[in-house]
Every structure is written in structure tokens, then in C-alpha cells.
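Scroll down for the structure; my scribbles are underneath it.
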Amino acid sequence: MVPEPGEFMSMLTAEDVEALRAAGRPRRWDRGTTVISEGDTSDWVLVLLEGRVKVSSHTSGGTEVVLAVRGPGGLLGELSAIDGSPRSATVTALEPISGIVVRDFPAFLESHGRIAVLLMKLVSARLRDSDRKRIEYGAFDTTGRVATRLLELAERYGEKTNSGVRVALPLSQDELAGWTGSSREAVSKALRTLRDRGLIETGRRRVVIHDLDGLRKRAR
């Protein structure tokens, strides 16, 4: 397993990873399974080894808001495990996933101070990313927000091909809408605009980006 750059496990040494494995137990979930439910209270965290998940919450009106997509190496559930508050979001498997479940995470951190410091750095980075996304929602139109999320997916999961950068997209249009703070209809229109400009090509849960520089300009 190669952790994604910027994810929790990418910050750890081989010894740190072995300590996590020794403290936890392996688990697997099928695609579509709810791994963590918003509102639950528990002290365990999940270190993702394979597959991708979405982190989401629902508004009072029932609209799903996708907060993040996490891949291999990601840490999930750390805030509730540390402070004992109810889970602030739901985690759902976008594809078959496997990971390490570590229970009584605070006790683990107490005996592994270096990992605790790295976790603080990770939480700080996520807060900065959350601030950046709030700025995007206020400053960008729907097409700009969709372009920004496609660029993020391309950087994290893109595969170079003769025709451009191919992204196997585990998100439906409804989920992409929730990730960009838009309606499904607005996202569909934004994708059509990007296609008409020759920037992307779309298929069933996949996108090929033909012009990365052009997409970056539209994302500004």
C-alpha cells in the first residue's frame, strides 16, 4: 500500500506504521457500506489502507454535503475518538476498502508522542483546507468549483494517457454536487460547459482531462 501524499500514513515512519498495526486490527467493507455514522459516539479510528471513502454530512433539509474524499493512508474518526463528542460526519465506502481499526486512540497517542504531534499537523492542514474551500464557495461560480474539484481528483488519482489525464471517478453527479455545494442540475451544466470548451471528456464515473492548464484557468 502506497499512501496518498498528504494523508496521515505518508507522514509516518515504518516503525510508526508497525505500531499502528500492532495496536489495531484489520477490517474490510464493501462498496456503499457506512463505515462511520454521524452522531455516533466511539473511541476508535480507521486508518485506510485500500480504496476510497467519502466524508459527508446532511443539512437540516436532508441535502447531502460531501466534505472530503479520502484514499489510502487516510485517517478517519480522529476528532471524536480524541474528545469523546459524537461523530461530526458519515464515512461511506465509495469502493471496496480495507483498513486498520485502532480502539482507545487517546491511549495510543499518549504512548506515541511523535505520532500525536504529526496528528496535530494533519488537523491544522485540514482546517486550512476547510478555510480554502469556504473561500471557493463564496468566490467561484459552479463551473469554477467543479473545475477545482476535478483538478484535485486529477492530482490525487489521475492516470496519464495519450488523450490526457484519466480519472476514475468514484463519485456520482449527486455526490459531486454535494462536494461543490451545488445542485445536480448545476453540476451537469458545468460539466457540459467544460466539455464544450474541449477541456474534459466524461463517461460513466470517469473523466478525461484534455487540457489541464485550461481547466486550471477556469478554476480561478
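Convention: chains lettered A, B, ... in C-alpha cells order; per-chain residue numbering from 1; ligands numbered from 1 as shown.
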Backbone DSSP call of strand (DSSP E or B) for segment 5-143 of chain A, listed as a PDB file with C-alpha atoms, in the first residue's frame:
```pdb
ATOM      1  CA  ARG A  25      -6.997  -4.978  13.808  1.00  0.00           C
ATOM      2  CA  PRO A  26      -7.686  -5.247  10.072  1.00  0.00           C
ATOM      3  CA  ARG A  27     -11.185  -4.823   8.658  1.00  0.00           C
ATOM      4  CA  ARG A  28     -12.838  -4.712   5.239  1.00  0.00           C
ATOM      5  CA  TRP A  29     -16.027  -3.062   3.971  1.00  0.00           C
ATOM      6  CA  THR A  34     -21.492   3.090   6.007  1.00  0.00           C
ATOM      7  CA  VAL A  35     -18.245   2.876   7.957  1.00  0.00           C
ATOM      8  CA  ILE A  36     -18.878   5.692  10.446  1.00  0.00           C
ATOM      9  CA  VAL A  45     -10.240   5.482  14.392  1.00  0.00           C
ATOM     10  CA  LEU A  46      -9.789   3.963  10.959  1.00  0.00           C
ATOM     11  CA  VAL A  47      -6.508   4.087   9.054  1.00  0.00           C
ATOM     12  CA  LEU A  48      -7.424   3.451   5.431  1.00  0.00           C
ATOM     13  CA  LEU A  49      -5.187   1.014   3.531  1.00  0.00           C
ATOM     14  CA  GLU A  50      -7.078   0.374   0.294  1.00  0.00           C
ATOM     15  CA  VAL A  53     -14.336   6.849   1.001  1.00  0.00           C
ATOM     16  CA  LYS A  54     -16.448   9.986   1.092  1.00  0.00           C
ATOM     17  CA  VAL A  55     -16.900  12.021   4.254  1.00  0.00           C
ATOM     18  CA  SER A  56     -20.305  13.688   4.299  1.00  0.00           C
ATOM     19  CA  SER A  57     -22.948  15.353   6.417  1.00  0.00           C
ATOM     20  CA  HIS A  58     -26.595  16.273   5.880  1.00  0.00           C
ATOM     21  CA  GLU A  64     -26.012  15.677   1.499  1.00  0.00           C
ATOM     22  CA  VAL A  65     -22.854  17.793   1.689  1.00  0.00           C
ATOM     23  CA  VAL A  66     -19.649  15.948   0.768  1.00  0.00           C
ATOM     24  CA  LEU A  67     -16.844  17.297   2.946  1.00  0.00           C
ATOM     25  CA  ALA A  68     -13.927  15.263   1.602  1.00  0.00           C
ATOM     26  CA  VAL A  69     -12.774  12.212  -0.289  1.00  0.00           C
ATOM     27  CA  ARG A  70     -10.100  10.145   1.455  1.00  0.00           C
ATOM     28  CA  LEU A  75      -7.088   8.761   8.986  1.00  0.00           C
ATOM     29  CA  LEU A  76     -10.804   8.851   9.806  1.00  0.00           C
ATOM     30  CA  THR A  90     -20.658   9.988   7.995  1.00  0.00           C
ATOM     31  CA  VAL A  91     -17.989   7.969   6.189  1.00  0.00           C
ATOM     32  CA  THR A  92     -19.140   5.791   3.276  1.00  0.00           C
ATOM     33  CA  ALA A  93     -17.092   3.388   1.153  1.00  0.00           C
ATOM     34  CA  ILE A  97     -11.985  -0.716   1.238  1.00  0.00           C
ATOM     35  CA  SER A  98      -9.718  -2.165   3.884  1.00  0.00           C
ATOM     36  CA  GLY A  99      -8.072  -0.569   6.885  1.00  0.00           C
ATOM     37  CA  ILE A 100      -6.827  -0.813  10.447  1.00  0.00           C
ATOM     38  CA  VAL A 101      -9.248  -0.083  13.289  1.00  0.00           C
ATOM     39  CA  VAL A 102      -7.462   1.304  16.350  1.00  0.00           C
TER      40      VAL A 102
END
```
DSSP on the backbone, then: every residue of chain A marked helix (DSSP H, G or I), written as a PyMOL selection string.
chain A and resi 8-11+14-23+78-83+105-110+113-139+142-157+173-180+184-196+212-219
Using C-alpha atoms, can you export the residues from the last selection as a CSV table (one decimal), in the first residue's frame?
```
chain,number,residue,atom,x,y,z
A,8,PHE,CA,-1.8,10.6,7.6
A,9,MET,CA,0.3,7.5,6.8
A,10,SER,CA,2.5,9.4,4.4
A,11,MET,CA,3.8,11.3,7.5
A,14,ALA,CA,8.0,2.4,9.1
A,15,GLU,CA,8.2,2.0,12.9
A,16,ASP,CA,5.1,4.2,13.4
A,17,VAL,CA,3.1,2.2,10.9
A,18,GLU,CA,4.1,-1.1,12.6
A,19,ALA,CA,3.0,0.4,16.0
A,20,LEU,CA,-0.4,1.3,14.4
A,21,ARG,CA,-0.8,-2.2,13.0
A,22,ALA,CA,0.1,-3.8,16.4
A,23,ALA,CA,-2.4,-1.6,18.2
A,78,GLU,CA,-9.8,11.1,15.0
A,79,LEU,CA,-11.7,14.1,16.4
A,80,SER,CA,-14.5,12.1,18.1
A,81,ALA,CA,-12.0,9.5,19.3
A,82,ILE,CA,-10.0,12.2,21.0
A,83,ASP,CA,-12.6,14.5,22.5
A,105,PHE,CA,-6.9,6.1,20.2
A,106,PRO,CA,-6.2,8.6,23.0
A,107,ALA,CA,-4.2,5.9,24.9
A,108,PHE,CA,-2.3,5.1,21.8
A,109,LEU,CA,-1.3,8.7,21.3
A,110,GLU,CA,-0.3,9.1,24.9
A,113,GLY,CA,4.2,11.2,21.3
A,114,ARG,CA,5.7,11.7,17.8
A,115,ILE,CA,2.5,10.4,16.2
A,116,ALA,CA,0.5,12.8,18.3
A,117,VAL,CA,2.5,15.8,17.1
A,118,LEU,CA,2.0,14.6,13.5
A,119,LEU,CA,-1.7,14.3,14.1
A,120,MET,CA,-1.8,18.0,15.2
A,121,LYS,CA,-0.1,18.9,11.9
A,122,LEU,CA,-2.6,16.9,10.0
A,123,VAL,CA,-5.6,18.6,11.8
A,124,SER,CA,-4.0,22.0,11.1
A,125,ALA,CA,-3.7,21.2,7.4
A,126,ARG,CA,-7.4,20.1,7.2
A,127,LEU,CA,-8.5,23.3,8.9
A,128,ARG,CA,-6.6,25.3,6.3
A,129,ASP,CA,-8.1,23.2,3.5
A,130,SER,CA,-11.6,23.8,5.0
A,131,ASP,CA,-11.0,27.6,5.1
A,132,ARG,CA,-9.8,27.5,1.4
A,133,LYS,CA,-13.0,25.7,0.4
A,134,ARG,CA,-15.2,28.2,2.1
A,135,ILE,CA,-13.5,30.9,0.2
A,136,GLU,CA,-14.1,29.0,-3.0
A,137,TYR,CA,-17.8,28.7,-2.3
A,138,GLY,CA,-18.1,32.4,-2.0
A,139,ALA,CA,-15.8,33.5,-4.8
A,142,THR,CA,-20.4,26.4,-10.0
A,143,THR,CA,-18.2,25.7,-13.1
A,144,GLY,CA,-15.2,27.1,-11.2
A,145,ARG,CA,-15.9,24.9,-8.2
A,146,VAL,CA,-16.4,21.8,-10.3
A,147,ALA,CA,-13.2,22.5,-12.2
A,148,THR,CA,-11.3,22.9,-8.9
A,149,ARG,CA,-12.6,19.5,-7.6
A,150,LEU,CA,-11.7,17.8,-10.9
A,151,LEU,CA,-8.2,19.2,-10.7
A,152,GLU,CA,-7.9,17.9,-7.1
A,153,LEU,CA,-9.0,14.4,-8.2
A,154,ALA,CA,-6.6,14.5,-11.2
A,155,GLU,CA,-3.7,15.4,-8.9
A,156,ARG,CA,-4.6,12.6,-6.5
A,157,TYR,CA,-5.9,9.8,-8.7
A,173,GLN,CA,-23.1,13.6,-10.1
A,174,ASP,CA,-25.2,13.9,-7.0
A,175,GLU,CA,-22.1,13.4,-4.8
A,176,LEU,CA,-20.1,15.8,-6.9
A,177,ALA,CA,-22.9,18.3,-6.4
A,178,GLY,CA,-22.7,17.8,-2.7
A,179,TRP,CA,-18.9,18.3,-2.8
A,180,THR,CA,-19.2,21.6,-4.7
A,184,ARG,CA,-27.1,18.2,-9.6
A,185,GLU,CA,-28.5,20.3,-12.4
A,186,ALA,CA,-25.9,23.0,-12.0
A,187,VAL,CA,-23.1,20.4,-11.9
A,188,SER,CA,-24.5,18.8,-15.1
A,189,LYS,CA,-24.5,22.2,-16.8
A,190,ALA,CA,-20.9,22.9,-15.5
A,191,LEU,CA,-19.6,19.6,-16.9
A,192,ARG,CA,-21.3,20.3,-20.2
A,193,THR,CA,-19.6,23.7,-20.3
A,194,LEU,CA,-16.2,22.2,-19.7
A,195,ARG,CA,-16.9,19.5,-22.4
A,196,ASP,CA,-18.0,22.1,-24.9
A,212,LEU,CA,-5.0,20.7,-17.5
A,213,ASP,CA,-3.8,24.3,-18.0
A,214,GLY,CA,-7.2,25.4,-19.4
A,215,LEU,CA,-9.0,23.7,-16.5
A,216,ARG,CA,-6.7,25.5,-14.0
A,217,LYS,CA,-7.6,28.8,-15.6
A,218,ARG,CA,-11.3,28.1,-15.4
A,219,ALA,CA,-10.9,27.1,-11.8
```
Between A:Gly61, A:Pro170, A:Gly164, A:Pro3, which residue has the minimum interatomic distance to Arg204 of chain A, considering only C-alpha atoms?
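Between A:Gly61, A:Pro170, A:Gly164, A:Pro3, the residue approaching Arg204 of chain A most closely is A:Pro170.
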In Å to one decimal, how far is atom CA of Val167 of chain A from atom CA of Val208 of chain A?
6.1 Å
